[in-house]
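Note sheet for the following structure.
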Amino acid sequence: MAIRALNRGTRLLFLTVVGLACLGPILWVVLSSFKTQGQIYGGGSFLPNPVSFDGYRALFTEIDILRYYLNTLLYAGLGTLGALASALLAAYPAARMEFPFRRSLTALFTLGLAIPITGLIVPEFVIMRELGLYDSLPGMIVFYSAMWFPLAFVILRAYLSGLPPSLEEAAALDGAGYFQLIWRIIIPLARPGLATAGVLVFINVWNDFLFNLLLAPSPEHQNVQVSLALFRGHFTTDISAILAGTTLMMIVPVICFLFLQRQVIAGLTTGAAR
Amino acid sequence: MSELSPMAAADDGLQLSPPSAAARRGRRRVLALERPTRGMGVPIAISLLPALVLFSIFFLVPLGVVIVTSLSDWGPIGLSFTWLANFSDLFSDPAFITALKNTAFFCAAGVFIQVPVGVALGIILSQRIRGWKVLRTIYFLPNIVSIAALALVYLSVYNPRYGLLNQILGALGFAADHDWLFDLNTALPAVAATWVFTAGVVMILTMAEIAAIPEEIYDAAAVDGASGWTQARHVTLPLLRNVIGVCTILVLLATIGYFDGVYIMTSGGPANHTLTLALYSFQEYSSGHWGYANAIGVVLIGLGLIAIVAIRRLFRVGERDF
């Protein structure tokens with residue numbers, strides 16, 4: 001019994017320490033973003049008292065935060081759409097049709113996930129510039145579609161391979177063409193797979209820092225991550241504004257996750273189920 | 001490290017080692033279901049076209065360009081081939097050696113802290129302790145936050161004047177004026193500490209793997225008298241070899257290309273003490289040394305591939321013992 005109690009104690013201690021280490025700092029920043037400068041420097045209480053919106057007010061007057069949110073929404077929304085569309089069109093034949101080089105092509109697309117893409121910064125920059133996509137909103141959308149295509153492909157192919165063939169065979173017998181089949185049968189059937197892949201791609205694009213910095217550096221094309229991270233560099237004096245900005249960088253992915261937790265977890269474990 | 005991508009290397013499509021049992025099963029299944037694909041050649045080709053174009057332009061061509069131009073002196077002005085000069089320069093470049101060592105340090109922190117923490121969390125939460133669903137959300141939440149935001153969070157936490165860490169140390173009676181990211185001795189571990197405990201992805205994958213272990217194995221273990229810790233250590237843990245290998249690959253890929261955190265928190269400083277390969281490559285690109293930046297990129301990508309192949313061998317990834 002003594003050993004059992006000790007085990008329970010160790011387990012509780014471990015859970016507490018890891019929990020505090022990974023969530024404590026984030027919680028502290030979010031709570032402190034509602035403090036005044038004086039309260040932040042004063043230390044002491046973890047909770048803001050009284051609650052102050054000085055930081056948020058300063059942030060909204062200093063930078064055009066809505067514009068950065070709009071940019072990020074366009075990148076993440078349309079980038080996700082592009083990645084899903086190209087991935088579905090490729091994953092459907094890869095999962096359910098026979099054609100030459102099917103396996104090699106699948107392996108090749110999957111290999112896209114195994115490349116540490118931070119090693120490719122110069123070629124990506126040069127290619128974007130040569131294609132006239134450098135430092136533009138549409139350019140970033142095309143880039144994100146391509147960058148997250150392999151992830152969407154792997155998830156969708158896994159999902160489509162698991163579907164029963166009966167429905168689409170019936171539709172094919174009815175004389176539906178290939179693309180009608182995808183539009184009328186596959187997309188409705190693949191909705192859970194599309195949601196899973198879509199959430200993961202959306203959050204990943206939303207959180208991108210390096211490629212926005214590298215490929216669309218001018219202020220009017222920056223996303224939330226880049227603009228607020230650089231804001232910290234420029235206005236280091238207003239701490240409550242910095243903490244407010246940090247909170248605003250985290251809020252959208254956290255909300256997405258809290259509402260779509262099931263899809264996120266399913267997306268992460270797709271490969272494990274294979 | 002919290003880039004969210006699933007088991008890249010575990011998927012059976014990736015043929016870096018002989019096809020696993022699962023892959024062979026998968027192939028047989030597709031063949032068994034003879035699809036009505038006659039006369040579909042043209043639509044299939046059209047269907048594959050967007051993917052082929054995007055993948056070629058943004059993965060294959062860059063990969064080719066990075067390898068070829070790593071053998072050159074390339075910049076905004078022009079290109080001339082210098083063959084292996086960049087690589088021989090690299091290995092006598094103290095900044096590169098430092099970046100390599102620091103990247104190795106981050107990899108080690110990921111493999112020896114982040115992965116074990118995540119596996120332990122997964123094992124504990126799989127015991128369905130009270131509140132496990134809430135705990136799963138709590139431990140996963142930091143993984144959903146961008147690395148950039150996490151970097152800003154820790155810039156505040158480490159701030160010598162108002163940071164949380166020094167406040168806590170002060171309250172405990174220790175010296176409370178340490179500048180964690182500026183001190184040569186603490187900068188590197190301080191950067192690693194920002195993400196080593198965000199082990200949510202490893203935790204989720206471990207939980208999924210444990211859920212797939214057949215009940216009978218535990219029944220047999222219970223008959224042999226194993227329970228609690230003993231069961232976790234001698235029954236569950238060995239069965240997790242495959243998923244631990246997969247997680248190790250994911251963590252290594254993320255740490256080998258680690259950029260956002262160091263760029264924002266320290267810019268590689270103080271005195272290159274937190275410089276990573278990805279950041280050094282970016283710096284060289286920014287100062288117009290594209291060929292040299294690409295040589296660093298080739299090393300980075302090469303290390304990624306070596307890590308994948310080695311870990312797949314070591315952990316026999318793709319095979320399960322149950």
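A note on labels: chains of the structure tokens are A, B, ... as shown, every chain counts residues from 1, and ligands are counted from 1 in their shown order.
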Residues of chain A that have any atom at most 6 Å from an atom of chain B: could you tabulate them with the shortest-distance atom pair and the distance in Å to one decimal, using only C-alpha atoms, ordered by chain and increasing number, as a tab-separated table?
residue	atom	partner	partner_atom	distance
A:Cys22	CA	B:Phe197	CA	5.6
A:Tyr41	CA	B:Tyr162	CA	5.1
A:Ser86	CA	B:Ala51	CA	5.2
A:Leu89	CA	B:Ser47	CA	5.1
A:Ala90	CA	B:Leu48	CA	4.8
A:Met97	CA	B:Arg35	CA	5.9
A:Thr106	CA	B:Gly13	CA	5.9
A:Ala107	CA	B:Gly13	CA	4.4
A:Leu113	CA	B:Ala8	CA	5.4
A:Pro116	CA	B:Gly257	CA	5.7
A:Thr118	CA	B:Gly257	CA	5.6
A:Gly119	CA	B:Gly297	CA	3.9
A:Pro123	CA	B:Pro62	CA	5.0
A:Ala146	CA	B:Leu54	CA	5.2
A:Asn207	CA	B:Ser146	CA	4.8
A:Thr246	CA	B:Ala149	CA	5.9
A:Met249	CA	B:Ala149	CA	6.0
A:Met250	CA	B:Val145	CA	5.5
A:Leu268	CA	B:Pro6	CA	4.6
A:Thr269	CA	B:Leu205	CA	5.9
A:Gly271	CA	B:Met7	CA	5.2
Write a file of the selected residues as a PDB file, in the first residue's frame, keeping C-alpha atoms.
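Output below, filename selection_2.pdb:
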ATOM      1  CA  CYS A  22       3.654  24.326 -20.023  1.00  0.00           C
ATOM      2  CA  TYR A  41       6.199  45.815 -12.688  1.00  0.00           C
ATOM      3  CA  SER A  86      -5.334  19.886 -54.697  1.00  0.00           C
ATOM      4  CA  LEU A  89      -8.056  15.654 -56.371  1.00  0.00           C
ATOM      5  CA  ALA A  90      -4.800  13.735 -55.922  1.00  0.00           C
ATOM      6  CA  MET A  97      -7.987   4.004 -58.571  1.00  0.00           C
ATOM      7  CA  THR A 106       2.004   8.470 -53.158  1.00  0.00           C
ATOM      8  CA  ALA A 107       5.428   7.880 -51.605  1.00  0.00           C
ATOM      9  CA  LEU A 113       6.316  15.822 -44.918  1.00  0.00           C
ATOM     10  CA  PRO A 116      12.724  20.080 -43.000  1.00  0.00           C
ATOM     11  CA  THR A 118      13.513  25.545 -43.346  1.00  0.00           C
ATOM     12  CA  GLY A 119      16.454  24.210 -45.363  1.00  0.00           C
ATOM     13  CA  PRO A 123      15.092  28.514 -53.471  1.00  0.00           C
ATOM     14  CA  ALA A 146       1.630  23.992 -51.777  1.00  0.00           C
ATOM     15  CA  ASN A 207       0.799  30.032 -36.912  1.00  0.00           C
ATOM     16  CA  THR A 246       1.007  38.053 -27.442  1.00  0.00           C
ATOM     17  CA  MET A 249      -1.409  35.818 -31.398  1.00  0.00           C
ATOM     18  CA  MET A 250      -2.688  32.801 -29.483  1.00  0.00           C
ATOM     19  CA  LEU A 268      -2.669  13.807 -35.651  1.00  0.00           C
ATOM     20  CA  THR A 269      -3.380  10.121 -35.220  1.00  0.00           C
ATOM     21  CA  GLY A 271      -0.969   7.819 -39.573  1.00  0.00           C
TER      22      GLY A 271
END
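When the distance limit is 8 Å and only C-alpha atoms are what count, the residues near segment 184-190 of chain B, minus those fewer than 3 positions from it on the same chain, are Asn102, Trp180, Leu181, Ala193, Thr194, Pro270, Ala271, His273 and Thr274 of chain B.
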Since we have the selection now, will you write its residues out, keeping N, CA and C atoms, as a short mmCIF file (atom, residue, chain, number, x, y, z; two decimals), in the first residue's frame?
data_model
loop_
_atom_site.label_atom_id
_atom_site.label_comp_id
_atom_site.auth_asym_id
_atom_site.auth_seq_id
_atom_site.Cartn_x
_atom_site.Cartn_y
_atom_site.Cartn_z
N ASN B 102 24.55 23.63 -31.22
CA ASN B 102 23.30 24.08 -30.59
C ASN B 102 22.11 23.30 -31.11
N TRP B 180 18.15 35.78 -18.07
CA TRP B 180 18.30 34.39 -18.49
C TRP B 180 18.74 34.24 -19.94
N LEU B 181 18.20 35.09 -20.82
CA LEU B 181 18.52 34.94 -22.24
C LEU B 181 19.79 35.68 -22.64
N ALA B 193 13.94 25.36 -22.77
CA ALA B 193 12.89 25.21 -21.75
C ALA B 193 11.55 25.78 -22.21
N THR B 194 11.56 26.62 -23.27
CA THR B 194 10.29 27.19 -23.73
C THR B 194 9.40 26.14 -24.38
N PRO B 270 23.22 35.29 -27.05
CA PRO B 270 24.38 36.17 -27.06
C PRO B 270 25.60 35.48 -27.67
N ALA B 271 26.32 36.23 -28.54
CA ALA B 271 27.53 35.72 -29.17
C ALA B 271 27.34 34.32 -29.77
N HIS B 273 25.44 32.00 -29.05
CA HIS B 273 25.22 30.88 -28.12
C HIS B 273 23.91 30.15 -28.34
N THR B 274 22.97 30.74 -29.10
CA THR B 274 21.73 30.02 -29.39
C THR B 274 21.49 29.92 -30.90
#
Point to revise | Interatomic distance, atom CA of Ser32 of chain A to atom CA of Gly55 of chain A (Å, one decimal) | key: 9.6 Å
Review point. Where in segment 23-183 of chain B does DSSP assign strand (DSSP E or B), given as a PyMOL selection string?
Key: chain B and resi 72-74+79-81
Check your understanding: What lies within 9 Å of Tyr56 of chain A using only C-alpha atoms, ignoring chain neighbours under 6 positions off, as a PyMOL selection string?
Key -> chain A and resi 33-34+240-245
Those residues you just picked out, can you put them in a file as a PDB file, in the first residue's frame with C-alpha atoms?
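Saved as selection.pdb:
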ATOM      1  CA  SER A  33      -2.304  41.523 -20.495  1.00  0.00           C
ATOM      2  CA  PHE A  34      -5.237  42.904 -18.460  1.00  0.00           C
ATOM      3  CA  SER A 240       1.027  45.779 -21.365  1.00  0.00           C
ATOM      4  CA  ALA A 241       0.647  46.323 -25.130  1.00  0.00           C
ATOM      5  CA  ILE A 242       3.220  43.583 -25.808  1.00  0.00           C
ATOM      6  CA  LEU A 243       1.385  41.153 -23.561  1.00  0.00           C
ATOM      7  CA  ALA A 244      -1.927  42.087 -25.205  1.00  0.00           C
ATOM      8  CA  GLY A 245      -0.359  41.409 -28.602  1.00  0.00           C
TER       9      GLY A 245
END
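Residues of segment 149-193 of chain B assigned to helix (DSSP H, G or I) by DSSP on this structure's backbone: Ala149, Leu150, Ala151, Leu152, Val153, Tyr154, Leu155, Ser156, Val157, Leu164, Leu165, Asn166, Gln167, Ile168, Leu169, Gly170, Ala171, Ala187, Leu188, Pro189, Ala190, Val191, Ala192 and Ala193 of chain B.
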